[in-house]
Amino acid sequence: MRETREILQSAKAASPVLASASTEGKNQALEAMANWLVWEQEAILQANREDVDQARAALGEVMIDRLLLTPERIRDMAAGIRDAAALPDPVGQVLRRVVRPNGLVVEKTAVPLGVIGIIYESRPNVTSDAAALALKAGSAVVLRGGKEAFRSNAAIVRALRLGLTDAGFPADLIGFIEDTSRDSARDMMEAAGFIDLLIPRGGAGLIRSCVEHAKVPCIQTGTGICHLYVDASANLDMALNIVENAKTSRPSVCNAAEVLLVHQEIADRFLPELRRRLVEDRAAKRLPAVELRLDPSAAAIIPGTAASDRDFDTEFLDYILAVRVVDSVEEAVRHIALHSTGHSEAIVTEDPAAAETFTRQVDSAAVYVNASTRFTDGGEFGLGCEMGISTQKLHARGPMGLEELTSYKYIVRGTGQIR
């Protein structure tokens with residue numbers, strides 16, 4: 001097993017090759033990576049079966065779904081790589097050009113970051129998404145996945161590295177940390193001089209560890225306590241559709257809704273319909289029913305589980321929804337300000353004034369009016385596959401696409417000017 005520091009050094013040494021590569025060359029490499037991912041499908045699926053078999057003793061079905069690969073999901077991963085190739089190349093773009101009175105031409109120009117490190121959990125599709133975006137943005141990438149997906153990630157990386165070498169690029173542009181202990185994660189957090197940007201994708205514990213220990217620039221991503229607020233003026237059929245989609249279409253992802261706020265004027269009508277849709281109808285269809293964790297006002301209207309204070313601060317990643325009744329859009333905004341992780345929040349309303357209040361005052365990366373939070377995704381936003389969802393405000397916010405994976409420098413052209 002190669003040492004973490006050796007892998008970082010190799011990625012750093014290889015990165016200048018990619019920084020100077022043409023758009024055509026990078027796109028050829030991405031196409032080769034997508035091809036090899038499909039060609040190595042059987043090996044990847046076998047590795048994934050071994051991961052899933054081992055994980056069943058420790059993970060529930062919702063989390064197993066995050067880990068599971070299928071031929072369709074591998075085709076989607078390859079399509080994501082090709083989507084990245086089709087996107088405009090951000091490297092070399094002149095972001096701003098100023099001609100000074102003395103004739104100096106000052107160009108703010110997008111440049112690669114260098115080496116991007118990713119620490120992530122469970123989802124092996126992140127391996128190909130992260131590699132594709134980093135390489136298109138001109139940077140080497142070092143990947144450190146969780147132990148539950150180790151075999152899957154290793155097989156995917158082998159395929160991607162075969163594609164790189166097939167296209168004439170160094171395989172070390174994609175580094176893979178084989179050590180899944182906390183030591184390797186800490187090594188990446190402290191790899192000043194080797195990692196130019198570290199992106200943790202996982203639970204609150206991973207994010208907190210990076211914030212506390214990182215000696216390299218770090219972007220906070222992923223944790224999503226996402227809220228839906230159903231306003232007094234909402235179209236209730238629309239609201240039911242949005243809530244069901246946001247909670248049940250894929251509850252294990254960070255853009256799934258975890259908290260529902262309902263205006264008191266419509267609670268008596270809406271909550272019984274909500275329970276019928278999410279509990280009774282789903283049980284009748286032999287689908288997982290949603291456990292509703294209710295505040296006292298909601299519990300006075302429908303049966304469910306009594307909510308604790310912690311339930312409004314929990315990313316369940318499961319078929320669980322915390323429900324609270326509020327008396328106004330302002331109270332909904334105050335609740336979100338106290339409990340949100342800054343990921344995605346939505347209002348369902350027919351009142352333009354309520355929508356304006358919500359969108360202006362809710363301080364999250366993505367704020368929706370009459371749409372599901374499940375759209376917070378690089379592909380859905382037209383960015384191609386994403387590196388993650390940033391929940392902070394500096395450098396990048398929301399889905400991180402190619403532009404967010406570059407830095408810039410000033411290129412100044414003169415004709416002999418002196419100061």
# chains A, B, ... in the order shown; residues from 1 in each chain; ligands from 1
call {"tool": "residues_around", "arguments": {"residues": "Arg49 in chain A", "least_positions_apart": "5", "cutoff": "9 Å", "atoms": "only C-alpha atoms", "output": "PyMOL selection string"}}
result
chain A and resi 44+54+68-69+152
call {"tool": "write_last_selection", "arguments": {"atoms": "N, CA, C and O atoms", "output": "short mmCIF file (atom, residue, chain, number, x, y, z; two decimals), in the first residue's frame"}}
result
data_model
loop_
_atom_site.label_atom_id
_atom_site.label_comp_id
_atom_site.auth_asym_id
_atom_site.auth_seq_id
_atom_site.Cartn_x
_atom_site.Cartn_y
_atom_site.Cartn_z
N ILE A 44 -15.95 -3.70 -12.01
CA ILE A 44 -16.46 -2.71 -11.06
C ILE A 44 -17.68 -3.26 -10.32
O ILE A 44 -17.80 -3.13 -9.09
N GLN A 54 -20.60 -6.94 2.32
CA GLN A 54 -19.96 -6.67 3.60
C GLN A 54 -20.70 -5.60 4.37
O GLN A 54 -20.79 -5.65 5.61
N LEU A 68 -24.78 1.16 -3.71
CA LEU A 68 -25.02 0.19 -4.78
C LEU A 68 -24.73 0.75 -6.17
O LEU A 68 -25.14 1.86 -6.50
N LEU A 69 -24.04 -0.04 -6.99
CA LEU A 69 -23.85 0.27 -8.40
C LEU A 69 -24.62 -0.74 -9.24
O LEU A 69 -24.75 -1.91 -8.87
N SER A 152 -15.07 -0.87 -4.60
CA SER A 152 -15.73 -0.20 -5.72
C SER A 152 -14.89 0.98 -6.21
O SER A 152 -14.65 1.14 -7.42
#
call {"tool": "closest_atom_pairs", "arguments": {"of": "range 321-407 of chain A", "to": "range 214-221 of chain A", "cutoff": "12 Å", "atoms": "only C-alpha atoms", "output": "JSON lines"}}
result
{"residue": "A:Thr341", "atom": "CA", "partner": "A:Thr221", "partner_atom": "CA", "distance": 9.9}
{"residue": "A:Gly342", "atom": "CA", "partner": "A:Thr221", "partner_atom": "CA", "distance": 9.9}
{"residue": "A:His343", "atom": "CA", "partner": "A:Thr221", "partner_atom": "CA", "distance": 8.6}
{"residue": "A:Ala365", "atom": "CA", "partner": "A:Thr221", "partner_atom": "CA", "distance": 10.7}
{"residue": "A:Glu386", "atom": "CA", "partner": "A:Thr221", "partner_atom": "CA", "distance": 11.5}
{"residue": "A:Met387", "atom": "CA", "partner": "A:Thr221", "partner_atom": "CA", "distance": 9.3}
{"residue": "A:Gly388", "atom": "CA", "partner": "A:Thr221", "partner_atom": "CA", "distance": 6.1}
{"residue": "A:Ile389", "atom": "CA", "partner": "A:Thr221", "partner_atom": "CA", "distance": 5.1}
{"residue": "A:Ser390", "atom": "CA", "partner": "A:Thr221", "partner_atom": "CA", "distance": 4.3}
{"residue": "A:Thr391", "atom": "CA", "partner": "A:Thr221", "partner_atom": "CA", "distance": 5.5}
{"residue": "A:Gln392", "atom": "CA", "partner": "A:Gln220", "partner_atom": "CA", "distance": 6.1}
{"residue": "A:Lys393", "atom": "CA", "partner": "A:Ile219", "partner_atom": "CA", "distance": 9.4}
{"residue": "A:Leu394", "atom": "CA", "partner": "A:Ile219", "partner_atom": "CA", "distance": 8.5}
{"residue": "A:His395", "atom": "CA", "partner": "A:Ile219", "partner_atom": "CA", "distance": 8.4}
{"residue": "A:Ala396", "atom": "CA", "partner": "A:Ile219", "partner_atom": "CA", "distance": 7.9}
{"residue": "A:Arg397", "atom": "CA", "partner": "A:Thr221", "partner_atom": "CA", "distance": 9.0}
{"residue": "A:Gly398", "atom": "CA", "partner": "A:Thr221", "partner_atom": "CA", "distance": 8.6}
{"residue": "A:Pro399", "atom": "CA", "partner": "A:Thr221", "partner_atom": "CA", "distance": 9.2}
{"residue": "A:Met400", "atom": "CA", "partner": "A:Thr221", "partner_atom": "CA", "distance": 9.5}
{"residue": "A:Glu404", "atom": "CA", "partner": "A:Ile219", "partner_atom": "CA", "distance": 10.8}
{"residue": "A:Leu405", "atom": "CA", "partner": "A:Ile219", "partner_atom": "CA", "distance": 11.0}
call {"tool": "select_by_dssp", "arguments": {"residues": "range 135-184 of chain A", "states": "strand (DSSP E)", "output": "list of chain:residue names"}}
result
A:Ala140, A:Val141, A:Val142, A:Leu143, A:Arg144, A:Ile174, A:Gly175, A:Phe176
call {"tool": "write_last_selection", "arguments": {"atoms": "N, CA and C atoms", "output": "PDB file, in the first residue's frame"}}
result
ATOM      1  N   ALA A 140      -5.010  18.080 -10.978  1.00  0.00           N
ATOM      2  CA  ALA A 140      -4.925  16.697 -10.522  1.00  0.00           C
ATOM      3  C   ALA A 140      -5.886  16.517  -9.354  1.00  0.00           C
ATOM      4  N   VAL A 141      -6.253  15.268  -9.089  1.00  0.00           N
ATOM      5  CA  VAL A 141      -7.188  15.004  -7.996  1.00  0.00           C
ATOM      6  C   VAL A 141      -6.672  13.838  -7.175  1.00  0.00           C
ATOM      7  N   VAL A 142      -6.833  13.942  -5.865  1.00  0.00           N
ATOM      8  CA  VAL A 142      -6.484  12.848  -4.956  1.00  0.00           C
ATOM      9  C   VAL A 142      -7.752  12.457  -4.219  1.00  0.00           C
ATOM     10  N   LEU A 143      -8.152  11.194  -4.346  1.00  0.00           N
ATOM     11  CA  LEU A 143      -9.431  10.700  -3.854  1.00  0.00           C
ATOM     12  C   LEU A 143      -9.228   9.820  -2.629  1.00  0.00           C
ATOM     13  N   ARG A 144     -10.018  10.102  -1.604  1.00  0.00           N
ATOM     14  CA  ARG A 144      -9.972   9.254  -0.410  1.00  0.00           C
ATOM     15  C   ARG A 144     -11.420   8.930  -0.019  1.00  0.00           C
ATOM     16  N   ILE A 174      -4.705  11.122 -11.248  1.00  0.00           N
ATOM     17  CA  ILE A 174      -5.767  10.647 -10.351  1.00  0.00           C
ATOM     18  C   ILE A 174      -5.103   9.814  -9.266  1.00  0.00           C
ATOM     19  N   GLY A 175      -5.000  10.378  -8.090  1.00  0.00           N
ATOM     20  CA  GLY A 175      -4.436   9.655  -6.956  1.00  0.00           C
ATOM     21  C   GLY A 175      -5.536   9.002  -6.142  1.00  0.00           C
ATOM     22  N   PHE A 176      -5.249   7.831  -5.595  1.00  0.00           N
ATOM     23  CA  PHE A 176      -6.234   7.090  -4.804  1.00  0.00           C
ATOM     24  C   PHE A 176      -5.606   6.659  -3.494  1.00  0.00           C
TER      25      PHE A 176
END
call {"tool": "select_by_dssp", "arguments": {"residues": "range 56-137 of chain A", "states": "helix (DSSP H, G or I)", "output": "mmCIF file with all heavy atoms, in the first residue's frame"}}
result
data_model
loop_
_atom_site.group_PDB
_atom_site.id
_atom_site.type_symbol
_atom_site.label_atom_id
_atom_site.label_comp_id
_atom_site.auth_asym_id
_atom_site.auth_seq_id
_atom_site.Cartn_x
_atom_site.Cartn_y
_atom_site.Cartn_z
ATOM 1 N N GLU A 61 -31.105 -0.192 4.413
ATOM 2 C CA GLU A 61 -31.338 -0.270 2.978
ATOM 3 C C GLU A 61 -31.172 1.078 2.283
ATOM 4 O O GLU A 61 -30.734 1.142 1.134
ATOM 5 C CB GLU A 61 -32.731 -0.844 2.706
ATOM 6 C CG GLU A 61 -32.827 -2.341 2.941
ATOM 7 C CD GLU A 61 -31.803 -3.117 2.119
ATOM 8 O OE1 GLU A 61 -31.680 -2.856 0.907
ATOM 9 O OE2 GLU A 61 -31.122 -3.984 2.699
ATOM 10 N N VAL A 62 -31.546 2.154 2.958
ATOM 11 C CA VAL A 62 -31.407 3.482 2.338
ATOM 12 C C VAL A 62 -29.944 3.792 2.071
ATOM 13 O O VAL A 62 -29.580 4.300 1.001
ATOM 14 C CB VAL A 62 -32.047 4.562 3.220
ATOM 15 C CG1 VAL A 62 -31.729 5.954 2.686
ATOM 16 C CG2 VAL A 62 -33.564 4.377 3.277
ATOM 17 N N MET A 63 -29.070 3.475 3.035
ATOM 18 C CA MET A 63 -27.650 3.744 2.856
ATOM 19 C C MET A 63 -27.017 2.743 1.886
ATOM 20 O O MET A 63 -26.078 3.086 1.168
ATOM 21 C CB MET A 63 -26.924 3.715 4.198
ATOM 22 C CG MET A 63 -27.416 4.766 5.183
ATOM 23 S SD MET A 63 -27.383 6.449 4.499
ATOM 24 C CE MET A 63 -25.627 6.743 4.399
ATOM 25 N N ILE A 64 -27.538 1.525 1.860
ATOM 26 C CA ILE A 64 -27.066 0.554 0.867
ATOM 27 C C ILE A 64 -27.320 1.088 -0.539
ATOM 28 O O ILE A 64 -26.505 0.909 -1.459
ATOM 29 C CB ILE A 64 -27.752 -0.817 1.066
ATOM 30 C CG1 ILE A 64 -27.218 -1.506 2.328
ATOM 31 C CG2 ILE A 64 -27.558 -1.711 -0.153
ATOM 32 C CD1 ILE A 64 -25.777 -1.965 2.250
ATOM 33 N N ASP A 65 -28.449 1.764 -0.719
ATOM 34 C CA ASP A 65 -28.765 2.319 -2.036
ATOM 35 C C ASP A 65 -27.713 3.340 -2.467
ATOM 36 O O ASP A 65 -27.410 3.465 -3.657
ATOM 37 C CB ASP A 65 -30.149 2.965 -2.014
ATOM 38 C CG ASP A 65 -30.539 3.541 -3.368
ATOM 39 O OD1 ASP A 65 -30.661 2.761 -4.326
ATOM 40 O OD2 ASP A 65 -30.688 4.779 -3.474
ATOM 41 N N ARG A 66 -27.158 4.090 -1.521
ATOM 42 C CA ARG A 66 -26.100 5.051 -1.859
ATOM 43 C C ARG A 66 -24.857 4.324 -2.362
ATOM 44 O O ARG A 66 -24.124 4.840 -3.201
ATOM 45 C CB ARG A 66 -25.723 5.878 -0.621
ATOM 46 C CG ARG A 66 -26.733 6.906 -0.208
ATOM 47 C CD ARG A 66 -26.444 7.448 1.176
ATOM 48 N NE ARG A 66 -25.217 8.206 1.272
ATOM 49 C CZ ARG A 66 -25.157 9.535 1.222
ATOM 50 N NH1 ARG A 66 -26.243 10.235 1.040
ATOM 51 N NH2 ARG A 66 -24.003 10.157 1.351
ATOM 52 N N LEU A 67 -24.621 3.145 -1.805
ATOM 53 C CA LEU A 67 -23.415 2.385 -2.123
ATOM 54 C C LEU A 67 -23.559 1.559 -3.404
ATOM 55 O O LEU A 67 -22.579 1.314 -4.120
ATOM 56 C CB LEU A 67 -23.093 1.468 -0.941
ATOM 57 C CG LEU A 67 -21.949 0.470 -1.061
ATOM 58 C CD1 LEU A 67 -20.630 1.191 -1.322
ATOM 59 C CD2 LEU A 67 -21.856 -0.372 0.208
ATOM 60 N N PRO A 71 -25.500 -1.606 -13.743
ATOM 61 C CA PRO A 71 -25.057 -1.224 -15.088
ATOM 62 C C PRO A 71 -25.590 0.153 -15.503
ATOM 63 O O PRO A 71 -24.864 0.934 -16.128
ATOM 64 C CB PRO A 71 -25.633 -2.347 -15.963
ATOM 65 C CG PRO A 71 -25.678 -3.534 -15.052
ATOM 66 C CD PRO A 71 -26.053 -2.986 -13.706
ATOM 67 N N GLU A 72 -26.828 0.453 -15.135
ATOM 68 C CA GLU A 72 -27.391 1.761 -15.484
ATOM 69 C C GLU A 72 -26.641 2.887 -14.791
ATOM 70 O O GLU A 72 -26.347 3.924 -15.396
ATOM 71 C CB GLU A 72 -28.872 1.811 -15.110
ATOM 72 C CG GLU A 72 -29.536 3.133 -15.469
ATOM 73 C CD GLU A 72 -30.998 3.177 -15.078
ATOM 74 O OE1 GLU A 72 -31.466 2.257 -14.368
ATOM 75 O OE2 GLU A 72 -31.681 4.141 -15.480
ATOM 76 N N ARG A 73 -26.310 2.691 -13.514
ATOM 77 C CA ARG A 73 -25.586 3.744 -12.793
ATOM 78 C C ARG A 73 -24.179 3.927 -13.350
ATOM 79 O O ARG A 73 -23.663 5.052 -13.382
ATOM 80 C CB ARG A 73 -25.545 3.431 -11.289
ATOM 81 C CG ARG A 73 -26.906 3.607 -10.618
ATOM 82 C CD ARG A 73 -26.857 3.423 -9.107
ATOM 83 N NE ARG A 73 -28.176 3.655 -8.534
ATOM 84 C CZ ARG A 73 -28.457 3.596 -7.234
ATOM 85 N NH1 ARG A 73 -27.486 3.307 -6.361
ATOM 86 N NH2 ARG A 73 -29.677 3.815 -6.792
ATOM 87 N N ILE A 74 -23.548 2.866 -13.777
ATOM 88 C CA ILE A 74 -22.223 3.009 -14.387
ATOM 89 C C ILE A 74 -22.334 3.743 -15.720
ATOM 90 O O ILE A 74 -21.504 4.602 -16.043
ATOM 91 C CB ILE A 74 -21.548 1.631 -14.551
ATOM 92 C CG1 ILE A 74 -21.189 1.077 -13.161
ATOM 93 C CG2 ILE A 74 -20.289 1.746 -15.416
ATOM 94 C CD1 ILE A 74 -20.590 -0.312 -13.187
ATOM 95 N N ARG A 75 -23.370 3.435 -16.494
ATOM 96 C CA ARG A 75 -23.581 4.198 -17.740
ATOM 97 C C ARG A 75 -23.815 5.672 -17.437
ATOM 98 O O ARG A 75 -23.328 6.542 -18.173
ATOM 99 C CB ARG A 75 -24.764 3.603 -18.518
ATOM 100 C CG ARG A 75 -24.472 2.261 -19.176
ATOM 101 C CD ARG A 75 -25.524 1.898 -20.203
ATOM 102 N NE ARG A 75 -26.841 1.735 -19.600
ATOM 103 C CZ ARG A 75 -27.302 0.576 -19.111
ATOM 104 N NH1 ARG A 75 -26.538 -0.503 -19.134
ATOM 105 N NH2 ARG A 75 -28.520 0.506 -18.602
ATOM 106 N N ASP A 76 -24.551 5.946 -16.362
ATOM 107 C CA ASP A 76 -24.775 7.345 -15.969
ATOM 108 C C ASP A 76 -23.461 8.014 -15.564
ATOM 109 O O ASP A 76 -23.237 9.199 -15.855
ATOM 110 C CB ASP A 76 -25.775 7.422 -14.815
ATOM 111 C CG ASP A 76 -27.198 7.108 -15.239
ATOM 112 O OD1 ASP A 76 -27.475 7.132 -16.462
ATOM 113 O OD2 ASP A 76 -28.034 6.830 -14.349
ATOM 114 N N MET A 77 -22.591 7.279 -14.879
ATOM 115 C CA MET A 77 -21.290 7.820 -14.500
ATOM 116 C C MET A 77 -20.472 8.161 -15.744
ATOM 117 O O MET A 77 -19.844 9.225 -15.816
ATOM 118 C CB MET A 77 -20.547 6.823 -13.608
ATOM 119 C CG MET A 77 -21.162 6.669 -12.219
ATOM 120 S SD MET A 77 -20.689 5.127 -11.384
ATOM 121 C CE MET A 77 -18.912 5.312 -11.272
ATOM 122 N N ALA A 78 -20.482 7.256 -16.729
ATOM 123 C CA ALA A 78 -19.758 7.520 -17.975
ATOM 124 C C ALA A 78 -20.360 8.718 -18.698
ATOM 125 O O ALA A 78 -19.630 9.564 -19.251
ATOM 126 C CB ALA A 78 -19.790 6.286 -18.870
ATOM 127 N N ALA A 79 -21.688 8.815 -18.682
ATOM 128 C CA ALA A 79 -22.347 9.963 -19.317
ATOM 129 C C ALA A 79 -21.961 11.254 -18.607
ATOM 130 O O ALA A 79 -21.786 12.302 -19.248
ATOM 131 C CB ALA A 79 -23.861 9.774 -19.298
ATOM 132 N N GLY A 80 -21.812 11.201 -17.285
ATOM 133 C CA GLY A 80 -21.393 12.388 -16.536
ATOM 134 C C GLY A 80 -20.001 12.854 -16.941
ATOM 135 O O GLY A 80 -19.740 14.059 -17.034
ATOM 136 N N ILE A 81 -19.108 11.902 -17.187
ATOM 137 C CA ILE A 81 -17.762 12.260 -17.651
ATOM 138 C C ILE A 81 -17.836 12.924 -19.019
ATOM 139 O O ILE A 81 -17.178 13.943 -19.272
ATOM 140 C CB ILE A 81 -16.867 11.004 -17.698
ATOM 141 C CG1 ILE A 81 -16.677 10.431 -16.288
ATOM 142 C CG2 ILE A 81 -15.509 11.341 -18.315
ATOM 143 C CD1 ILE A 81 -15.917 9.110 -16.260
ATOM 144 N N ARG A 82 -18.645 12.353 -19.904
ATOM 145 C CA ARG A 82 -18.784 12.947 -21.245
ATOM 146 C C ARG A 82 -19.458 14.324 -21.171
ATOM 147 O O ARG A 82 -19.129 15.212 -21.967
ATOM 148 C CB ARG A 82 -19.569 12.003 -22.153
ATOM 149 C CG ARG A 82 -18.829 10.693 -22.426
ATOM 150 C CD ARG A 82 -19.520 9.860 -23.494
ATOM 151 N NE ARG A 82 -18.719 8.682 -23.815
ATOM 152 C CZ ARG A 82 -18.954 7.454 -23.353
ATOM 153 N NH1 ARG A 82 -19.996 7.250 -22.550
ATOM 154 N NH2 ARG A 82 -18.173 6.448 -23.686
ATOM 155 N N ASP A 83 -20.382 14.490 -20.232
ATOM 156 C CA ASP A 83 -21.001 15.806 -20.044
ATOM 157 C C ASP A 83 -19.949 16.839 -19.643
ATOM 158 O O ASP A 83 -19.979 17.983 -20.099
ATOM 159 C CB ASP A 83 -22.091 15.738 -18.974
ATOM 160 C CG ASP A 83 -23.341 15.007 -19.450
ATOM 161 O OD1 ASP A 83 -23.485 14.816 -20.673
ATOM 162 O OD2 ASP A 83 -24.156 14.631 -18.586
ATOM 163 N N ALA A 84 -19.014 16.429 -18.779
ATOM 164 C CA ALA A 84 -17.942 17.340 -18.378
ATOM 165 C C ALA A 84 -17.078 17.717 -19.570
ATOM 166 O O ALA A 84 -16.663 18.875 -19.718
ATOM 167 C CB ALA A 84 -17.095 16.712 -17.274
ATOM 168 N N ALA A 85 -16.812 16.738 -20.444
ATOM 169 C CA ALA A 85 -16.017 17.025 -21.639
ATOM 170 C C ALA A 85 -16.718 18.030 -22.544
ATOM 171 O O ALA A 85 -16.072 18.851 -23.209
ATOM 172 C CB ALA A 85 -15.736 15.729 -22.399
ATOM 173 N N ALA A 86 -18.044 17.976 -22.590
ATOM 174 C CA ALA A 86 -18.801 18.855 -23.480
ATOM 175 C C ALA A 86 -18.923 20.279 -22.959
ATOM 176 O O ALA A 86 -19.291 21.195 -23.710
ATOM 177 C CB ALA A 86 -20.197 18.268 -23.709
ATOM 178 N N ASN A 125 -20.068 6.771 -7.084
ATOM 179 C CA ASN A 125 -20.163 7.622 -8.275
ATOM 180 C C ASN A 125 -19.399 8.925 -8.105
ATOM 181 O O ASN A 125 -19.003 9.568 -9.083
ATOM 182 C CB ASN A 125 -21.621 7.924 -8.609
ATOM 183 C CG ASN A 125 -22.313 8.745 -7.539
ATOM 184 O OD1 ASN A 125 -22.547 8.244 -6.433
ATOM 185 N ND2 ASN A 125 -22.634 9.981 -7.842
ATOM 186 N N VAL A 126 -19.165 9.334 -6.838
ATOM 187 C CA VAL A 126 -18.377 10.540 -6.588
ATOM 188 C C VAL A 126 -16.976 10.384 -7.167
ATOM 189 O O VAL A 126 -16.354 11.353 -7.606
ATOM 190 C CB VAL A 126 -18.315 10.843 -5.076
ATOM 191 C CG1 VAL A 126 -17.356 11.997 -4.771
ATOM 192 C CG2 VAL A 126 -19.714 11.183 -4.551
ATOM 193 N N THR A 127 -16.467 9.160 -7.189
ATOM 194 C CA THR A 127 -15.111 8.910 -7.683
ATOM 195 C C THR A 127 -14.953 9.394 -9.116
ATOM 196 O O THR A 127 -14.013 10.130 -9.439
ATOM 197 C CB THR A 127 -14.796 7.401 -7.592
ATOM 198 O OG1 THR A 127 -14.985 6.968 -6.245
ATOM 199 C CG2 THR A 127 -13.366 7.129 -8.020
ATOM 200 N N SER A 128 -15.881 9.019 -9.983
ATOM 201 C CA SER A 128 -15.765 9.437 -11.379
ATOM 202 C C SER A 128 -16.161 10.893 -11.578
ATOM 203 O O SER A 128 -15.535 11.610 -12.367
ATOM 204 C CB SER A 128 -16.616 8.529 -12.275
ATOM 205 O OG SER A 128 -17.977 8.603 -11.930
ATOM 206 N N ASP A 129 -17.192 11.354 -10.865
ATOM 207 C CA ASP A 129 -17.611 12.753 -10.990
ATOM 208 C C ASP A 129 -16.472 13.695 -10.615
ATOM 209 O O ASP A 129 -16.167 14.657 -11.329
ATOM 210 C CB ASP A 129 -18.808 13.040 -10.087
ATOM 211 C CG ASP A 129 -20.101 12.435 -10.592
ATOM 212 O OD1 ASP A 129 -20.095 11.867 -11.704
ATOM 213 O OD2 ASP A 129 -21.119 12.514 -9.879
ATOM 214 N N ALA A 130 -15.844 13.430 -9.471
ATOM 215 C CA ALA A 130 -14.790 14.311 -8.975
ATOM 216 C C ALA A 130 -13.591 14.294 -9.910
ATOM 217 O O ALA A 130 -13.013 15.353 -10.208
ATOM 218 C CB ALA A 130 -14.375 13.879 -7.563
ATOM 219 N N ALA A 131 -13.203 13.115 -10.367
ATOM 220 C CA ALA A 131 -12.051 13.023 -11.267
ATOM 221 C C ALA A 131 -12.321 13.786 -12.557
ATOM 222 O O ALA A 131 -11.461 14.531 -13.049
ATOM 223 C CB ALA A 131 -11.729 11.568 -11.557
ATOM 224 N N ALA A 132 -13.510 13.627 -13.126
ATOM 225 C CA ALA A 132 -13.827 14.271 -14.404
ATOM 226 C C ALA A 132 -13.811 15.788 -14.274
ATOM 227 O O ALA A 132 -13.221 16.492 -15.104
ATOM 228 C CB ALA A 132 -15.186 13.791 -14.902
ATOM 229 N N LEU A 133 -14.451 16.310 -13.246
ATOM 230 C CA LEU A 133 -14.520 17.761 -13.089
ATOM 231 C C LEU A 133 -13.146 18.360 -12.797
ATOM 232 O O LEU A 133 -12.778 19.399 -13.349
ATOM 233 C CB LEU A 133 -15.498 18.125 -11.978
ATOM 234 C CG LEU A 133 -16.975 18.044 -12.350
ATOM 235 C CD1 LEU A 133 -17.843 18.267 -11.127
ATOM 236 C CD2 LEU A 133 -17.329 19.061 -13.426
ATOM 237 N N ALA A 134 -12.392 17.707 -11.914
ATOM 238 C CA ALA A 134 -11.066 18.230 -11.592
ATOM 239 C C ALA A 134 -10.182 18.269 -12.839
ATOM 240 O O ALA A 134 -9.514 19.277 -13.113
ATOM 241 C CB ALA A 134 -10.415 17.385 -10.493
ATOM 242 N N LEU A 135 -10.193 17.187 -13.622
ATOM 243 C CA LEU A 135 -9.328 17.134 -14.794
ATOM 244 C C LEU A 135 -9.753 18.148 -15.849
ATOM 245 O O LEU A 135 -8.908 18.784 -16.478
ATOM 246 C CB LEU A 135 -9.328 15.715 -15.374
ATOM 247 C CG LEU A 135 -8.702 14.637 -14.472
ATOM 248 C CD1 LEU A 135 -8.888 13.260 -15.076
ATOM 249 C CD2 LEU A 135 -7.237 14.917 -14.218
ATOM 250 N N LYS A 136 -11.059 18.313 -16.065
ATOM 251 C CA LYS A 136 -11.496 19.318 -17.046
ATOM 252 C C LYS A 136 -11.101 20.722 -16.592
ATOM 253 O O LYS A 136 -10.784 21.597 -17.399
ATOM 254 C CB LYS A 136 -13.016 19.240 -17.247
ATOM 255 C CG LYS A 136 -13.569 20.213 -18.300
ATOM 256 C CD LYS A 136 -12.967 19.946 -19.696
ATOM 257 C CE LYS A 136 -13.456 20.950 -20.735
ATOM 258 N NZ LYS A 136 -14.716 20.555 -21.367
#
call {"tool": "atom_distance", "arguments": {"atom1": "CA of Arg310 in chain A", "atom2": "CA of Ala322 in chain A"}}
result
9.8 Å
call {"tool": "closest_residue", "arguments": {"among": "A:Gly117, A:Gly92, A:Pro124, A:Pro272", "to": "Ser139 in chain A", "atoms": "only C-alpha atoms"}}
result
A:Gly117
call {"tool": "closest_residue", "arguments": {"among": "A:Pro101, A:Gly378, A:Pro90, A:Gly146", "to": "Gln417 in chain A", "atoms": "only C-alpha atoms"}}
result
A:Pro101
call {"tool": "residues_around", "arguments": {"residues": "Lys409 in chain A", "least_positions_apart": "3", "cutoff": "7 Å", "atoms": "only C-alpha atoms", "output": "VMD selection string"}}
result
chain A and resid 108 to 111
call {"tool": "closest_residue", "arguments": {"among": "A:Ala354, A:Leu198, A:Leu271, A:Ala11", "to": "Leu173 in chain A", "atoms": "only C-alpha atoms"}}
result
A:Ala11
